[in-house]
>>> print(open('target.txt').read())   # compact mmCIF, C-alpha atoms
# COMPACT_ATOMS: atom_id res chain seq x y z
CA MET A 7 69.76 155.38 -1.83
CA THR A 8 67.38 158.28 -1.31
CA SER A 9 67.13 160.62 1.62
CA THR A 10 64.19 162.78 2.64
CA ARG A 11 64.29 165.56 5.19
CA HIS A 12 61.26 166.34 7.32
CA ARG A 13 62.76 169.71 8.13
CA SER A 14 65.72 171.73 6.92
CA LEU A 15 69.16 170.16 7.22
CA ALA A 16 70.32 172.88 9.57
CA LEU A 17 67.40 172.34 11.91
CA GLY A 18 67.83 168.56 11.75
CA ILE A 19 71.45 168.84 12.77
CA ALA A 20 70.57 171.26 15.53
CA LEU A 21 68.08 168.85 17.03
CA ALA A 22 70.30 165.79 16.75
CA LEU A 23 73.51 167.50 17.78
CA PRO A 24 72.59 170.84 19.30
CA ALA A 25 76.01 171.82 20.58
CA ALA A 26 78.07 170.81 17.60
CA VAL A 27 77.10 173.15 14.80
CA LEU A 28 78.07 176.52 16.14
CA ALA A 29 81.79 176.51 15.33
CA GLY A 30 84.38 174.62 13.35
CA CYS A 31 86.57 174.19 16.43
CA ALA A 32 84.30 172.77 19.12
CA THR A 33 84.28 170.81 22.31
CA GLY A 34 82.48 167.51 22.53
CA GLU A 35 79.61 169.06 24.49
CA SER A 36 79.56 172.80 23.97
CA SER A 37 80.79 175.46 21.58
CA PRO A 38 83.86 177.54 22.39
CA ALA A 39 83.82 181.30 22.50
CA ALA A 40 83.99 183.07 19.17
CA SER A 41 87.44 184.41 20.02
CA ASP A 42 88.70 180.85 20.49
CA ALA A 43 87.46 179.89 17.04
CA ALA A 44 89.06 183.01 15.57
CA GLU A 45 92.35 182.20 17.26
CA HIS A 46 92.58 178.93 15.32
CA ASP A 47 91.58 180.74 12.09
CA HIS A 48 90.35 177.68 10.20
CA GLU A 49 90.18 178.77 6.57
CA HIS A 50 87.94 175.86 5.60
CA ASP A 51 85.40 173.68 7.37
CA GLU A 52 87.32 170.62 6.27
CA HIS A 53 90.90 169.94 5.24
CA GLU A 54 93.17 166.97 4.82
CA ASP A 55 95.32 166.34 7.87
CA GLY A 56 98.38 164.53 6.55
CA GLY A 57 96.66 161.16 6.11
CA HIS A 58 95.33 161.31 9.65
CA GLY A 59 91.86 161.87 8.28
CA THR A 60 89.74 164.70 6.99
CA GLU A 61 89.17 167.36 9.62
CA ALA A 62 85.49 168.23 9.96
CA ALA A 63 83.79 171.33 11.30
CA THR A 64 81.97 169.33 13.95
CA ASP A 65 81.46 165.82 15.28
CA THR A 66 80.02 163.36 12.76
CA PRO A 67 77.83 160.59 14.18
CA ARG A 68 77.59 157.44 12.09
CA ILE A 69 75.37 154.38 12.30
CA ALA A 70 76.00 150.85 11.08
CA LEU A 71 73.40 148.33 9.91
CA THR A 72 73.87 144.68 9.04
CA TYR A 73 72.21 142.94 6.12
CA ASP A 74 72.53 139.52 4.56
CA GLY A 75 76.00 139.92 3.12
CA GLY A 76 77.49 142.94 4.78
CA VAL A 77 77.37 146.11 6.84
CA VAL A 78 76.11 149.48 5.60
CA VAL A 79 77.41 152.66 7.26
CA LEU A 80 75.29 155.84 7.20
CA ASP A 81 75.90 159.40 8.26
CA GLY A 82 73.99 159.73 11.53
CA THR A 83 72.55 163.14 10.67
CA SER A 84 71.76 163.07 6.95
CA LEU A 85 71.34 159.26 6.75
CA GLU A 86 73.37 159.32 3.54
CA GLN A 87 75.32 156.13 2.82
CA VAL A 88 79.03 156.32 3.65
CA ALA A 89 80.13 152.74 3.02
CA ASP A 90 78.97 149.21 2.18
CA LEU A 91 81.32 146.56 3.55
CA PRO A 92 80.91 142.85 2.67
CA VAL A 93 80.71 140.36 5.55
CA ASP A 94 79.84 136.68 5.23
CA GLY A 95 77.17 135.06 7.39
CA PHE A 96 74.96 136.37 10.17
CA THR A 97 76.57 139.22 12.07
CA ARG A 98 75.84 141.10 15.28
CA LEU A 99 76.82 144.67 16.16
CA ASN A 100 77.79 146.51 19.33
CA PRO A 101 79.50 149.85 19.97
CA ALA A 102 83.10 149.22 21.01
CA GLY A 103 82.97 151.89 23.71
CA ASP A 104 85.20 154.62 22.25
CA GLU A 105 82.55 156.33 20.05
CA ARG A 106 84.55 155.38 16.95
CA HIS A 107 84.72 151.62 16.58
CA VAL A 108 82.08 148.89 16.44
CA ILE A 109 82.46 145.26 17.49
CA VAL A 110 81.16 142.89 14.81
CA SER A 111 80.42 139.37 15.98
CA ALA A 112 80.88 137.24 12.89
CA GLY A 113 81.89 133.61 12.46
CA ASP A 114 84.59 132.68 14.95
CA ALA A 115 85.70 136.12 16.08
CA PHE A 116 84.83 139.53 17.44
CA ARG A 117 86.01 141.80 14.61
CA VAL A 118 86.67 145.52 14.97
CA LEU A 119 85.10 147.92 12.47
CA ASP A 120 86.34 151.52 12.37
CA LEU A 121 83.36 153.71 11.44
CA GLY A 122 85.79 156.45 10.49
CA THR A 123 84.66 159.25 12.80
CA TRP A 124 86.42 160.50 15.91
CA GLY A 125 87.33 163.48 18.02
CA GLU A 126 90.57 164.50 19.71
CA PRO A 127 90.72 166.86 22.72
CA HIS A 128 92.73 170.03 22.13
CA GLY A 129 92.91 172.21 25.21
CA ASN A 130 89.47 173.55 26.01
CA HIS A 131 87.92 172.17 22.81
CA SER A 132 88.18 169.24 20.41
CA HIS A 133 89.05 168.61 16.77
CA PHE A 134 87.00 166.18 14.71
CA TYR A 135 87.99 163.92 11.84
CA THR A 136 86.44 161.49 9.40
CA SER A 137 87.81 158.74 7.17
CA ASP A 138 86.44 155.85 5.16
CA PRO A 139 84.92 153.11 7.36
CA ALA A 140 86.95 149.91 7.25
CA PHE A 141 87.58 146.73 9.18
CA THR A 142 90.79 146.92 11.17
CA LYS A 143 93.25 144.08 11.63
CA VAL A 144 92.15 143.67 15.25
CA GLU A 145 90.20 140.50 15.98
CA PHE A 146 89.42 138.57 19.14
CA ALA A 147 89.10 134.86 18.41
CA ALA A 148 85.90 133.32 19.78
CA ASN A 149 84.32 130.02 18.76
CA HIS A 150 80.94 131.44 19.78
CA PRO A 151 81.10 135.23 20.22
CA GLY A 152 78.42 136.43 22.64
CA HIS A 153 77.68 139.53 24.70
CA VAL A 154 79.69 142.74 24.44
CA VAL A 155 79.41 145.02 27.49
CA ARG A 156 80.74 148.56 27.86
CA HIS A 157 81.07 150.19 31.26
CA ALA A 158 83.49 152.42 33.20
CA GLY A 159 85.84 152.86 30.26
CA ARG A 160 86.23 149.12 29.73
CA THR A 161 84.79 146.76 27.13
CA VAL A 162 84.18 143.11 28.01
CA LEU A 163 83.73 140.30 25.48
CA PHE A 164 82.14 136.98 26.44
CA ASN A 165 82.94 133.85 24.43
CA ASP A 166 80.01 131.49 24.93
CA GLY A 167 81.91 128.57 23.41
CA SER A 168 84.83 128.63 25.85
CA GLY A 169 83.73 130.83 28.77
CA LEU A 170 86.63 133.19 28.04
CA VAL A 171 86.08 136.75 29.24
CA GLU A 172 88.32 139.44 27.72
CA SER A 173 88.42 143.01 29.00
CA PHE A 174 90.23 145.98 27.47
CA ASP A 175 90.32 149.75 27.15
CA PRO A 176 88.47 150.51 23.88
CA HIS A 177 90.41 153.74 23.39
CA ASP A 178 93.45 151.59 22.60
CA LEU A 179 91.76 150.14 19.50
CA ALA A 180 92.93 153.03 17.32
CA ASP A 181 96.51 151.95 17.97
CA GLY A 182 96.05 148.25 17.25
CA THR A 183 95.29 145.24 19.42
CA PRO A 184 94.75 146.44 23.01
CA LYS A 185 96.17 144.84 26.12
CA THR A 186 93.54 142.54 27.61
CA THR A 187 92.68 141.15 31.02
CA THR A 188 91.24 137.65 30.82
CA TYR A 189 89.19 135.30 32.94
CA THR A 190 87.64 131.96 32.06
CA THR A 191 84.42 130.75 33.68
CA PRO A 192 84.40 127.22 35.14
CA SER A 193 82.17 126.00 32.28
CA PRO A 194 81.23 127.47 28.89
CA HIS A 195 77.73 128.94 28.74
CA HIS A 196 75.70 131.76 27.23
CA GLY A 197 76.86 134.34 29.72
CA VAL A 198 77.72 137.95 30.34
CA ALA A 199 80.31 139.91 32.31
CA VAL A 200 80.71 143.53 33.48
CA GLU A 201 83.92 145.11 34.69
CA LEU A 202 83.23 147.63 37.46
CA GLU A 203 84.95 150.93 38.17
CA ASN A 204 87.10 149.41 40.92
CA GLY A 205 88.31 146.59 38.66
CA ASN A 206 86.00 143.94 40.10
CA LEU A 207 84.27 141.63 37.65
CA LEU A 208 80.59 140.66 37.77
CA VAL A 209 80.11 137.49 35.74
CA THR A 210 77.53 134.76 35.25
CA ASP A 211 78.26 131.12 36.05
CA GLY A 212 76.61 128.04 34.61
CA THR A 213 76.78 125.38 31.92
CA GLU A 214 75.39 124.89 28.43
CA ASP A 215 72.42 123.09 30.00
CA ALA A 216 71.60 125.37 32.94
CA ARG A 217 72.78 128.65 34.41
CA SER A 218 71.55 130.30 37.60
CA SER A 219 74.52 132.04 39.22
CA VAL A 220 75.87 135.58 39.40
CA VAL A 221 79.37 135.95 40.83
CA VAL A 222 81.46 138.99 41.73
CA LEU A 223 85.24 138.65 41.61
CA ASP A 224 87.84 141.07 42.91
CA SER A 225 90.64 142.38 40.67
CA GLY A 226 92.60 139.22 41.37
CA HIS A 227 89.59 137.12 40.30
CA HIS A 228 88.87 135.86 43.81
CA GLU A 229 85.18 135.37 44.57
CA ILE A 230 83.74 138.01 46.92
CA ALA A 231 80.00 137.58 46.33
CA ARG A 232 77.69 135.00 44.80
CA THR A 233 74.04 134.15 44.35
CA ASP A 234 72.69 130.97 42.77
CA ALA A 235 69.10 132.27 42.82
CA CYS A 236 68.90 133.46 39.21
CA PRO A 237 67.56 130.64 37.03
CA GLY A 238 68.01 131.22 33.31
CA VAL A 239 70.33 134.16 33.98
CA HIS A 240 70.53 136.37 30.90
CA GLY A 241 71.44 139.93 30.00
CA GLU A 242 72.61 142.92 32.00
CA ALA A 243 72.21 146.68 32.33
CA VAL A 244 73.84 149.32 34.50
CA ALA A 245 71.84 152.07 36.20
CA SER A 246 73.01 155.20 38.02
CA ASP A 247 75.46 154.78 40.91
CA GLU A 248 76.78 151.66 39.16
CA ALA A 249 73.87 149.42 40.11
CA VAL A 250 74.07 146.36 37.86
CA VAL A 251 70.90 144.45 36.99
CA VAL A 252 71.03 140.88 35.68
CA GLY A 253 67.90 139.16 34.37
CA CYS A 254 66.41 135.88 35.64
CA GLN A 255 63.39 133.71 34.79
CA ASP A 256 61.73 134.83 38.03
CA GLY A 257 62.95 138.39 38.46
CA VAL A 258 66.36 140.03 38.56
CA VAL A 259 69.53 140.19 40.62
CA VAL A 260 70.88 143.65 41.50
CA TYR A 261 74.47 144.28 42.51
CA ALA A 262 74.77 147.58 44.37
CA GLY A 263 76.72 148.76 47.38
CA GLY A 264 78.80 145.59 47.36
CA GLU A 265 75.77 143.31 47.76
CA LEU A 266 73.81 140.99 45.49
CA THR A 267 70.04 141.25 45.97
CA LYS A 268 67.35 139.12 44.32
CA ILE A 269 64.16 140.96 43.36
CA PRO A 270 61.41 138.45 42.53
CA SER A 271 58.86 138.91 39.77
CA ALA A 272 55.16 139.15 40.56
CA ASP A 273 54.66 135.88 38.68
CA ALA A 274 56.25 132.52 39.45
CA TYR A 275 57.65 132.65 35.93
CA GLY A 276 58.29 136.30 35.18
CA ARG A 277 61.28 136.32 32.87
CA ILE A 278 63.34 139.47 32.39
CA GLY A 279 66.05 138.64 29.88
CA ASN A 280 66.71 141.87 27.98
CA GLN A 281 67.41 145.18 29.70
CA ALA A 282 68.33 148.77 28.91
CA GLY A 283 70.02 150.98 31.50
CA SER A 284 70.98 154.64 31.77
CA GLU A 285 73.40 156.52 33.98
CA GLU A 286 70.67 159.17 34.21
CA SER A 287 68.25 156.85 36.00
CA ALA A 288 68.17 154.40 38.91
CA VAL A 289 65.54 152.40 37.01
CA VAL A 290 66.36 149.71 34.44
CA LEU A 291 63.94 148.98 31.60
CA GLY A 292 63.38 145.30 30.80
CA ASP A 293 61.11 142.96 28.92
CA TYR A 294 58.66 140.72 30.80
CA LYS A 295 57.46 137.24 29.79
CA THR A 296 55.16 134.93 31.74
CA ASP A 297 54.67 131.81 29.59
CA PRO A 298 57.43 129.23 30.18
CA ASP A 299 56.04 126.96 27.45
CA ALA A 300 55.79 129.52 24.66
CA GLU A 301 58.10 129.04 21.68
CA LEU A 302 57.80 132.77 21.07
CA GLU A 303 55.92 134.88 23.56
CA ARG A 304 54.86 138.33 22.40
CA PRO A 305 54.38 140.29 25.63
CA THR A 306 52.80 143.74 25.84
CA ARG A 307 54.09 144.62 29.32
CA VAL A 308 57.58 145.86 30.12
CA SER A 309 59.35 145.90 33.47
CA LEU A 310 60.87 148.83 35.35
CA VAL A 311 63.41 147.70 37.96
CA ASP A 312 64.06 150.31 40.66
CA THR A 313 67.59 149.61 41.90
CA VAL A 314 67.09 151.81 44.98
CA SER A 315 63.72 150.60 46.28
CA LYS A 316 64.42 147.08 44.95
CA GLN A 317 60.99 146.83 43.35
CA ILE A 318 59.73 145.81 39.90
CA ALA A 319 56.88 147.74 38.31
CA LEU A 320 55.07 146.52 35.19
CA VAL A 321 53.81 148.84 32.46
CA GLU A 322 51.20 147.87 29.90
CA THR A 323 52.27 149.35 26.56
CA GLY A 324 49.27 148.25 24.49
CA ALA A 325 51.41 146.54 21.83
CA SER A 326 53.89 143.69 21.73
CA TYR A 327 57.57 144.29 21.09
CA SER A 328 60.82 142.36 20.54
CA PHE A 329 64.21 142.13 22.21
CA ARG A 330 65.43 144.83 19.81
CA SER A 331 62.72 147.26 20.92
CA LEU A 332 64.20 148.62 24.15
CA GLY A 333 66.27 151.78 24.58
CA ARG A 334 66.94 154.80 26.78
CA GLY A 335 66.62 158.47 25.96
CA PRO A 336 69.13 161.26 26.71
CA HIS A 337 67.56 161.99 30.10
CA GLY A 338 66.93 158.37 31.05
CA GLU A 339 63.55 158.07 29.35
CA ALA A 340 62.47 154.46 28.79
CA LEU A 341 61.80 153.82 25.10
CA VAL A 342 59.85 150.90 23.66
CA LEU A 343 59.22 150.28 19.96
CA GLY A 344 55.91 148.44 19.56
CA THR A 345 54.66 146.16 16.81
CA ASP A 346 52.07 148.81 15.98
CA GLY A 347 54.97 150.86 14.63
CA ALA A 348 54.94 153.43 17.45
CA LEU A 349 57.79 154.45 19.73
CA ARG A 350 56.62 154.89 23.30
CA VAL A 351 58.38 157.25 25.69
CA ILE A 352 57.93 156.18 29.33
CA ASP A 353 58.77 158.10 32.49
CA PRO A 354 60.85 155.51 34.39
CA ALA A 355 60.00 157.07 37.77
CA THR A 356 56.22 156.83 37.34
CA GLY A 357 55.70 154.31 34.56
CA ALA A 358 53.55 156.82 32.67
CA ILE A 359 53.66 156.75 28.88
CA THR A 360 54.38 160.40 28.15
CA SER A 361 54.26 160.23 24.36
CA THR A 362 53.61 157.79 21.53
CA ILE A 363 55.42 158.51 18.27
CA PRO A 364 54.31 156.82 15.02
CA VAL A 365 57.40 155.69 13.09
CA THR A 366 56.78 152.56 10.98
CA GLY A 367 53.85 150.50 9.80
CA ALA A 368 52.55 147.64 11.93
CA TRP A 369 54.78 144.57 12.03
CA THR A 370 54.91 141.06 13.47
CA GLU A 371 57.89 139.68 15.35
CA PRO A 372 59.40 136.84 13.27
CA ASP A 373 59.72 133.36 14.73
CA GLU A 374 63.50 133.22 14.23
CA TRP A 375 65.45 135.61 16.45
CA GLN A 376 68.07 136.19 13.75
CA ALA A 377 65.47 137.40 11.24
CA PRO A 378 65.16 141.15 10.53
CA ARG A 379 62.55 143.10 12.44
CA PRO A 380 62.21 146.83 13.29
CA THR A 381 65.10 147.72 15.56
CA LEU A 382 65.72 150.65 17.91
CA PHE A 383 69.07 152.27 18.64
CA VAL A 384 69.50 155.54 20.55
CA LEU A 385 72.41 157.93 20.14
CA ASP A 386 72.27 161.15 22.15
CA HIS A 387 68.86 162.76 21.42
CA THR A 388 68.13 160.68 18.33
CA ALA A 389 66.32 157.34 18.21
CA TYR A 390 67.12 155.43 15.03
CA VAL A 391 64.50 152.92 13.87
CA THR A 392 64.76 150.45 11.01
CA ASP A 393 61.84 149.13 8.97
CA PRO A 394 62.92 145.97 7.10
CA ALA A 395 59.56 145.73 5.28
CA THR A 396 60.28 148.98 3.42
CA LYS A 397 64.12 148.89 3.70
CA ALA A 398 63.82 152.20 5.54
CA VAL A 399 65.74 153.88 8.35
CA HIS A 400 64.21 156.73 10.36
CA ALA A 401 65.76 159.28 12.72
CA VAL A 402 63.47 160.46 15.53
CA ASP A 403 64.09 163.37 17.88
CA VAL A 404 63.24 161.83 21.26
CA GLU A 405 62.19 165.09 22.91
CA SER A 406 60.15 166.66 20.12
CA GLY A 407 58.81 163.36 18.78
CA GLU A 408 59.48 164.37 15.18
CA VAL A 409 60.73 161.93 12.59
CA TYR A 410 63.19 164.40 11.09
CA ALA A 411 65.02 162.21 8.57
CA SER A 412 64.36 159.02 6.64
CA THR A 413 66.15 157.05 3.98
CA THR A 414 65.52 153.94 1.88
CA LEU A 415 68.30 151.38 1.59
CA ASP A 416 69.10 148.99 -1.24
CA VAL A 417 69.25 146.14 1.29
CA VAL A 418 67.07 144.79 4.10
CA PRO A 419 68.47 146.12 7.43
CA ASN A 420 68.81 143.80 10.39
CA GLU A 421 71.01 144.76 13.36
CA LEU A 422 71.72 148.42 14.14
CA THR A 423 74.22 150.38 16.20
CA GLY A 424 76.28 153.56 15.99
CA VAL A 425 78.87 155.95 17.38
CA SER A 426 78.86 159.67 18.11
CA GLY A 427 82.34 160.53 16.86
CA LEU A 428 82.93 162.47 20.07
CA PRO A 429 86.12 162.10 22.12
CA GLU A 430 85.63 159.85 25.12
>>> encode(input="target.txt", output="structure tokens")
Amino acid sequence: MTSTRHRSLALGIALALPAAVLAGCATGESSPAASDAAEHDHEHDEHEDGGHGTEAATDTPRIALTYDGGVVVLDGTSLEQVADLPVDGFTRLNPAGDERHVIVSAGDAFRVLDLGTWGEPHGNHSHFYTSDPAFTKVEFAANHPGHVVRHAGRTVLFNDGSGLVESFDPHDLADGTPKTTTYTTPSPHHGVAVELENGNLLVTDGTEDARSSVVVLDSGHHEIARTDACPGVHGEAVASDEAVVVGCQDGVVVYAGGELTKIPSADAYGRIGNQAGSEESAVVLGDYKTDPDAELERPTRVSLVDTVSKQIALVETGASYSFRSLGRGPHGEALVLGTDGALRVIDPATGAITSTIPVTGAWTEPDEWQAPRPTLFVLDHTAYVTDPATKAVHAVDVESGEVYASTTLDVVPNELTGVSGLPE
């Protein structure tokens, strides 16, 4: 593996993790006073901590990428390879929700992968540790593992093959199998569920043949709200003030203020099936497709769902994109990776494209959804972009627009995710 810096390492770290490099004993968000660092008198930036892990001077973000045969783990700042772990078959990746572990959907289970980076609060600051990435013994059996949703300190797994919904506190993963809360939908289907701050559960309802319902259950799993006006229900995202958006073939359903509201698309068939939300914005970014007969539609417009005004705005990006092209920046910016190889930064309030950042060469979305294609994942201020055609991974500073690090892998990257290593 090779790694090329587009600026000095120190500057690259400063842009990706601006608060983390100033002291060896740091908080998750800001540096302590110099006297605090002196009080701890760390003689070295790193030292072994009794098998607990290697203590690091600062938080260490890491990213994970699947390929045909395994998962590669990279340092999130230098993009140097940390591990290569074999996994059979097609795998999917999602952050587990604790900024340390990743959920790997493989075969008949949700498996838990420890990326080996974490932080522990210590008074008014935190200590950071690293270890070798490894699969843990924790698995959640699922005959068809589906969506993984993180919200309000809970992680929810949806088993498409059985309709089983499992919810747990991801911070318990470091100690073994966490205690779970379960619910099973009336019929198995390709669904999704979100646990809300008050313990209520928003979940889809349907069958393998058709699904059009969004249901809200109280903590005892009694139905308190329902709409059946969401044909082809798929995907979810959470905006500010815990407004949940669920996609439909003809618009979206928003759950906010205890009410379910349908927002129709401008077109009779205006499918929004993939969304990206941010706690920094009341607007959810989504895809937008208008051809019900297309085997693979390659749209160039994206949707912006305003959860306050209950309106959908469409933005012409000038290039097509895929379901792995959507993301959100550190301040709620809407990010779209186009097939022209450029990353577009969109103001979600106005729909204006504020910058266009060249990252990869032009590409074409493959016909099979499992096939590798350029993929976007955002962690803090950094947008990571893969380029399967060149086996490359790029790190982009969202605010400056600079591609500040790149590396070439020995394998073709497919799915992509990561963790910050910060205490949650």
>>> closest_residue(input="target.txt", among="A:Ile352, A:Ala358, A:Ile230, A:Val250", to="Lys268 (chain A)", atoms="all atoms listed in the file")
A:Val250
>>> residues_around(input="target.txt", residues="region 145-147 of chain A", least_positions_apart="6", cutoff="8 Å", atoms="all atoms listed in the file", output="list in words")
Asp114, Ala115, Phe116, Arg117, Val118 and Thr183 of chain A
>>> atom_distance(input="target.txt", atom1="CA of Glu265 (chain A)", atom2="CA of Ala231 (chain A)")
7.3 Å
>>> closest_residue(input="target.txt", among="A:Asp247, A:Asp393, A:Asp94, A:Glu86", to="Gly113 (chain A)", atoms="only C-alpha atoms")
A:Asp94
>>> atom_distance(input="target.txt", atom1="CA of Leu163 (chain A)", atom2="CA of Leu302 (chain A)")
27.4 Å
>>> closest_residue(input="target.txt", among="A:Gly152, A:Pro192, A:Pro378, A:Gly75", to="Val93 (chain A)", atoms="all atoms listed in the file")
A:Gly75
>>> atom_distance(input="target.txt", atom1="CA of Ala148 (chain A)", atom2="CA of His228 (chain A)")
24.3 Å
>>> residues_near_point(input="target.txt", point="(76.4, 155.3, 5.7)", cutoff="10 Å", atoms="only C-alpha atoms", output="MDAnalysis selection string")
chainID A and resid 68:71 77:82 84:90 121 139 415
>>> closest_residue(input="target.txt", among="A:His400, A:His227, A:His387, A:Arg379", to="Val418 (chain A)", atoms="all atoms listed in the file")
A:Arg379
>>> closest_atom_pairs(input="target.txt", of="region 132-226 of chain A", to="region 279-282 of chain A", cutoff="12 Å", atoms="only C-alpha atoms", output="JSON lines")
{"residue": "A:His153", "atom": "CA", "partner": "A:Asn280", "partner_atom": "CA", "distance": 11.7}
{"residue": "A:Val155", "atom": "CA", "partner": "A:Ala282", "partner_atom": "CA", "distance": 11.8}
{"residue": "A:Gly197", "atom": "CA", "partner": "A:Gly279", "partner_atom": "CA", "distance": 11.6}
{"residue": "A:Val198", "atom": "CA", "partner": "A:Gly279", "partner_atom": "CA", "distance": 11.7}
>>> residues_around(input="target.txt", residues="Arg350 (chain A)", least_positions_apart="4", cutoff="7 Å", atoms="only C-alpha atoms", output="list of chain:residue names")
A:Leu341, A:Val342, A:Leu343, A:Ile359, A:Ser361, A:Thr362, A:Ile363
>>> residues_near_point(input="target.txt", point="(81.6, 148.3, 35.4)", cutoff="6 Å", atoms="all atoms listed in the file", output="list in words")
His157, Ala158, Val200, Glu201, Leu202 and Glu203 of chain A
>>> closest_residue(input="target.txt", among="A:Pro380, A:Leu385, A:Arg160, A:Val290", to="Asp312 (chain A)", atoms="all atoms listed in the file")
A:Val290
>>> residues_around(input="target.txt", residues="Thr345 (chain A)", least_positions_apart="4", cutoff="10 Å", atoms="all atoms listed in the file", output="number ranges by chain")
A: 304, 306, 324-328, 331, 349, 366-371, 379-380
>>> closest_residue(input="target.txt", among="A:Thr388, A:Thr396, A:Thr313, A:Asn206", to="Ala355 (chain A)", atoms="only C-alpha atoms")
A:Thr313
>>> residues_around(input="target.txt", residues="Gly122 (chain A)", least_positions_apart="2", cutoff="7 Å", atoms="only C-alpha atoms", output="list in words")
Arg106, Asp120, Trp124, Thr136, Ser137, Asp138 and Pro139 of chain A
>>> axis_aligned_box(input="target.txt", around="region 196-204 of chain A", padding_each_side="8 Å", output="JSON")
{"center_x": 81.4, "center_y": 141.3, "center_z": 34.1, "size_x": 27.4, "size_y": 35.2, "size_z": 29.7}
>>> residues_around(input="target.txt", residues="Arg334 (chain A)", least_positions_apart="5", cutoff="8 Å", atoms="only C-alpha atoms", output="list in words")
Ala282, Gly283, Ser284, Glu339, Ala340, Leu341 and Val384 of chain A
>>> write_last_selection(input="target.txt", atoms="C-alpha atoms", output="PDB file, in the frame of the given file")
ATOM      1  CA  ALA A 282      68.330 148.770  28.910  1.00  0.00           C
ATOM      2  CA  GLY A 283      70.020 150.980  31.500  1.00  0.00           C
ATOM      3  CA  SER A 284      70.980 154.640  31.770  1.00  0.00           C
ATOM      4  CA  GLU A 339      63.550 158.070  29.350  1.00  0.00           C
ATOM      5  CA  ALA A 340      62.470 154.460  28.790  1.00  0.00           C
ATOM      6  CA  LEU A 341      61.800 153.820  25.100  1.00  0.00           C
ATOM      7  CA  VAL A 384      69.500 155.540  20.550  1.00  0.00           C
TER       8      VAL A 384
END
